[in-house]
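Peer 1: File name run_11.cif; file contents mmCIF, C-alpha atoms; full text below.
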data_model
loop_
_atom_site.label_atom_id
_atom_site.label_comp_id
_atom_site.auth_asym_id
_atom_site.auth_seq_id
_atom_site.Cartn_x
_atom_site.Cartn_y
_atom_site.Cartn_z
CA MET K 1 0.00 0.00 0.00
CA SER K 2 1.38 3.42 -0.87
CA LYS K 3 1.81 6.08 1.80
CA LYS K 4 -0.80 8.19 0.01
CA GLN K 5 -3.50 5.71 0.99
CA LYS K 6 -2.56 5.65 4.67
CA THR K 7 -4.91 7.42 7.03
CA ASN K 8 -3.85 9.54 9.99
CA VAL K 9 -4.77 6.58 12.19
CA MET K 10 -2.29 4.35 10.35
CA ARG K 11 0.43 7.01 10.40
CA ILE K 12 0.02 7.42 14.16
CA LEU K 13 0.14 3.64 14.69
CA ASP K 14 3.20 3.33 12.42
CA GLN K 15 4.97 6.15 14.28
CA ALA K 16 4.23 4.45 17.63
CA LYS K 17 5.47 1.14 16.14
CA ILE K 18 2.15 -0.52 16.96
CA SER K 19 1.17 -3.54 14.92
CA TYR K 20 -2.20 -3.42 13.15
CA THR K 21 -3.93 -4.89 10.13
CA GLU K 22 -5.92 -2.72 7.74
CA HIS K 23 -9.21 -4.04 6.37
CA THR K 24 -11.09 -2.31 3.60
CA TYR K 25 -14.62 -2.88 2.41
CA ASP K 26 -17.21 -1.27 0.19
CA GLY K 27 -17.81 2.13 1.77
CA SER K 28 -21.55 1.91 1.15
CA ALA K 29 -21.87 -0.34 4.23
CA VAL K 30 -21.76 2.11 7.11
CA ALA K 31 -23.87 0.23 9.65
CA GLY K 32 -21.53 -1.38 12.14
CA VAL K 33 -23.27 -4.75 12.13
CA GLU K 34 -22.92 -4.86 8.35
CA VAL K 35 -19.23 -3.95 8.63
CA ALA K 36 -18.69 -6.81 11.12
CA ARG K 37 -20.43 -9.19 8.70
CA LEU K 38 -18.25 -8.02 5.81
CA LEU K 39 -15.15 -8.55 7.96
CA GLY K 40 -16.41 -12.00 8.95
CA GLU K 41 -15.96 -11.09 12.60
CA PRO K 42 -18.24 -11.34 15.63
CA GLY K 43 -19.93 -8.03 16.41
CA GLU K 44 -18.73 -8.00 20.01
CA CYS K 45 -15.14 -7.30 18.92
CA VAL K 46 -15.96 -4.73 16.22
CA PHE K 47 -16.35 -1.33 17.85
CA LYS K 48 -18.02 1.87 16.77
CA THR K 49 -16.75 5.24 17.93
CA LEU K 50 -19.38 7.63 19.28
CA VAL K 51 -18.85 11.25 20.29
CA THR K 52 -21.01 12.85 22.95
CA GLU K 53 -21.43 16.24 24.54
CA ALA K 54 -22.12 16.77 28.23
CA LYS K 55 -24.22 19.51 29.79
CA SER K 56 -20.88 20.97 30.96
CA GLY K 57 -19.90 21.46 27.29
CA GLU K 58 -17.16 18.83 27.47
CA HIS K 59 -16.97 16.17 24.77
CA TYR K 60 -16.40 12.48 25.38
CA VAL K 61 -15.67 9.54 23.10
CA PHE K 62 -17.19 6.10 23.65
CA MET K 63 -16.25 2.88 21.89
CA ILE K 64 -18.91 0.18 21.99
CA PRO K 65 -19.57 -3.07 20.11
CA VAL K 66 -21.38 -2.36 16.84
CA ALA K 67 -24.50 -4.35 17.75
CA GLU K 68 -24.93 -2.49 21.05
CA GLU K 69 -26.42 0.87 21.99
CA LEU K 70 -24.76 3.45 24.20
CA ASP K 71 -26.54 3.80 27.55
CA LEU K 72 -26.35 7.57 28.04
CA LYS K 73 -26.87 7.36 31.82
CA LYS K 74 -24.07 4.79 32.24
CA ALA K 75 -21.90 6.84 29.88
CA ALA K 76 -22.44 10.01 31.92
CA ARG K 77 -21.59 8.16 35.16
CA ALA K 78 -18.42 6.73 33.57
CA VAL K 79 -17.10 10.24 32.89
CA GLY K 80 -18.45 11.92 36.02
CA GLU K 81 -21.08 14.03 34.27
CA LYS K 82 -24.77 14.51 35.08
CA SER K 83 -25.75 13.72 31.50
CA VAL K 84 -24.36 13.29 28.00
CA SER K 85 -26.07 13.35 24.62
CA MET K 86 -24.99 12.24 21.18
CA LEU K 87 -23.17 14.88 19.17
CA LYS K 88 -25.10 16.12 16.15
CA SER K 89 -23.76 14.59 12.93
CA LYS K 90 -23.03 18.00 11.38
CA GLU K 91 -20.78 18.87 14.36
CA LEU K 92 -18.64 15.73 14.05
CA LEU K 93 -16.30 16.79 11.23
CA PRO K 94 -15.41 20.26 12.58
CA LEU K 95 -14.84 18.87 16.09
CA THR K 96 -12.99 15.63 15.34
CA GLY K 97 -11.79 15.83 11.74
CA TYR K 98 -13.78 12.67 10.96
CA VAL K 99 -17.06 12.02 9.16
CA HIS K 100 -19.90 9.78 10.32
CA GLY K 101 -18.97 6.18 9.57
CA GLY K 102 -15.25 6.97 9.53
CA CYS K 103 -14.72 8.28 13.06
CA SER K 104 -11.77 6.77 14.91
CA PRO K 105 -10.69 7.30 18.52
CA ILE K 106 -7.13 7.74 17.21
CA GLY K 107 -6.10 11.01 15.57
CA MET K 108 -8.99 13.31 16.44
CA LYS K 109 -8.28 17.06 16.18
CA THR K 110 -8.54 17.27 19.97
CA LYS K 111 -7.82 14.56 22.52
CA PHE K 112 -10.99 13.71 24.40
CA VAL K 113 -11.58 11.46 27.37
CA THR K 114 -12.23 8.06 25.78
CA VAL K 115 -14.15 5.17 27.31
CA ILE K 116 -14.38 1.67 25.84
CA ASP K 117 -17.10 -0.76 26.85
CA GLU K 118 -16.01 -3.47 29.29
CA THR K 119 -16.78 -6.15 26.69
CA VAL K 120 -13.34 -5.32 25.25
CA THR K 121 -11.95 -7.66 27.92
CA ILE K 122 -13.26 -10.71 26.03
CA CYS K 123 -11.50 -9.72 22.78
CA ASP K 124 -7.98 -10.78 21.79
CA LYS K 125 -8.22 -8.35 18.90
CA ILE K 126 -10.54 -5.46 18.20
CA TYR K 127 -11.63 -3.68 15.06
CA PHE K 128 -12.54 -0.01 14.76
CA SER K 129 -12.55 2.71 12.13
CA GLY K 130 -9.25 3.32 10.42
CA GLY K 131 -10.16 6.97 9.91
CA ARG K 132 -12.26 6.85 6.76
CA VAL K 133 -15.43 5.16 5.59
CA GLY K 134 -14.60 1.73 4.21
CA CYS K 135 -11.50 1.21 6.37
CA GLN K 136 -11.11 -0.65 9.66
CA VAL K 137 -7.99 -1.40 11.68
CA GLU K 138 -7.52 -4.60 13.63
CA MET K 139 -5.24 -4.59 16.64
CA ASN K 140 -4.64 -5.95 20.10
CA PRO K 141 -6.66 -3.88 22.59
CA ASN K 142 -3.63 -3.68 24.90
CA ASP K 143 -1.78 -1.86 22.13
CA LEU K 144 -4.60 0.68 21.94
CA PHE K 145 -4.37 1.15 25.73
CA SER K 146 -0.62 1.73 25.40
CA LEU K 147 -1.19 4.38 22.73
CA MET K 148 -3.72 6.51 24.56
CA PRO K 149 -5.46 6.70 27.91
CA ILE K 150 -8.75 4.79 27.69
CA LYS K 151 -11.09 4.03 30.55
CA VAL K 152 -12.90 0.66 30.55
CA ALA K 153 -16.49 0.78 31.84
CA ASP K 154 -19.93 -0.74 31.35
CA VAL K 155 -21.55 1.79 29.01
CA THR K 156 -23.93 -0.28 26.87
CA ALA K 157 -27.68 -0.64 27.30
#
Just dump the structure as structure tokens.
Peer 2:
Amino acid sequence: MSKKQKTNVMRILDQAKISYTEHTYDGSAVAGVEVARLLGEPGECVFKTLVTEAKSGEHYVFMIPVAEELDLKKAARAVGEKSVSMLKSKELLPLTGYVHGGCSPIGMKTKFVTVIDETVTICDKIYFSGGRVGCQVEMNPNDLFSLMPIKVADVTA
């Protein structure tokens, strides 16, 4: 693969000397469950990246299995806020640098507190957006934890 095709996520992982595998698929499949099916992987180890906004104005990132829903009350408790709500889609690109369906916890414009659902503990490898629609990265979750601070908590409904 030429350097031109690498995403910021891949460049950051390469720079940190973290091993990963890139997976590409038809970008028309944006639903996480469909992405997991295309990858031939169980949905519990394929994560979607969700960005929220708290009443305080702070933003938080949550990674949850693609077949699950974010429990906003559990999410708020996990980050010590009274409440959080999903960020409006139109606000995602200016805030993170990513578009809906291609949002990755790695390489956002600003570093936000990031929480991954506790189900990550059953996964030897996890998949999440590689920074563009149609691209996923596969890696050991411990490598992700070594790259950036991530809290593990029960945040799914």
Peer 1: Out of K:Lys109, K:Arg77, K:Lys17, K:His23, which residue has the shortest atom-to-atom distance to Val155 (chain K) when counting only C-alpha atoms?
Peer 2: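 Among the listed residues, K:Arg77 lies closest to Val155 (chain K).
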Peer 1: Between CA of Gly32 (chain K) and CA of Ser104 (chain K), what distance in Å does the model show, to one decimal?
Peer 2: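 One can read the CA of Gly32 (chain K) to CA of Ser104 (chain K) distance as 13.0 Å.
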Peer 1: Here is a test: counting only C-alpha atoms, which residue of K:Asn8, K:Ser19, K:Thr96, K:Thr24 is nearest to Lys125 (chain K)?
Peer 2: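 Residue with the minimum atom-to-atom distance to Lys125 (chain K): K:Ser19.
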Peer 1: For Pro149 (chain K), find every residue with an atom within 9 Å (counting only C-alpha atoms), except residues of its own chain fewer than 6 positions away, and show them as number ranges by chain.
Peer 2: K: 113-115
Peer 1: Those selected residues, please, written with C-alpha atoms and delivered as a compact mmCIF listing (two decimals), keeping the file's coordinate frame.
Peer 2:
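File result32.txt, as written:
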# COMPACT_ATOMS: atom_id res chain seq x y z
CA VAL K 113 -11.58 11.46 27.37
CA THR K 114 -12.23 8.06 25.78
CA VAL K 115 -14.15 5.17 27.31
Peer 1: For Pro65 (chain K), which residue out of K:Leu147, K:Ala31, K:Leu93, K:Val9 is the nearest one, using all atoms listed in the file?
Peer 2: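 Of K:Leu147, K:Ala31, K:Leu93, K:Val9, the one nearest Pro65 (chain K) is K:Ala31, counting all atoms listed in the file.
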Peer 1: Restricting the calculation to only C-alpha atoms, which member of K:Glu68, K:Asp117, K:Asp26, K:Glu53 is positioned closest to Leu92 (chain K)?
Peer 2: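 With only C-alpha atoms as the atom set, the closest residue is K:Glu53.
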Peer 1: Do a neighbour search on Ser129 (chain K) at 8 Å with only C-alpha atoms, toss out local chain neighbours closer than 5 positions, and write the hits as a ChimeraX atom specification.
Peer 2: /K:47-49,101-104,135-137
Peer 1: Calculate how many Å separate CA of Thr7 (chain K) from CA of Ile122 (chain K), rounding to one decimal.
Peer 2: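 About the pair CA of Thr7 (chain K) and CA of Ile122 (chain K): they are 27.6 Å apart.
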Peer 1: Mind listing whatever residues come within 9 Å of the point (-19.9, -0.6, 31.3)? Use all atoms listed in the file, file coordinates, and give them as a list in words.
Peer 2: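 Taken together, the residues in range are Asp71, Lys74, Ala75, Ala78, Ile116, Asp117, Glu118, Thr119, Val152, Ala153, Asp154, Val155, Thr156 and Ala157 of chain K.
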Peer 1: Written as a VMD selection string, which residues does the PyMOL selection byres ((chain K and resi 95) around 12) give for the file shown?
Peer 2: chain K and resid 51 to 53 58 to 61 87 to 94 96 to 100 103 107 to 112
Peer 1: Would you please work out which residue, of K:Ile106, K:Ser56, K:Phe62, K:Thr21, is nearest to Lys82 (chain K) when using all atoms listed in the file?
Peer 2: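 Checking each candidate against Lys82 (chain K), we get K:Ser56 as the closest.
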Peer 1: Check the smallest atom-to-atom distance from each of K:Val84, K:Tyr20, K:Lys55, K:Pro42 to Ala67 (chain K) using only C-alpha atoms, then report the winner.
Peer 2: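 With only C-alpha atoms as the atom set, the closest residue is K:Pro42.
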Peer 1: Enter the distance from CA of Met86 (chain K) to CA of Val46 (chain K), in Å, rounded to one decimal.
Peer 2: 19.9 Å
Peer 1: Do you know which residues lie at most 6 Å from (-6.9, -7.8, 16.8), with coordinates as in the file and only C-alpha atoms counted, and could you write them as an NGL selection string?
Peer 2: :K and (124-126 or 138-140)
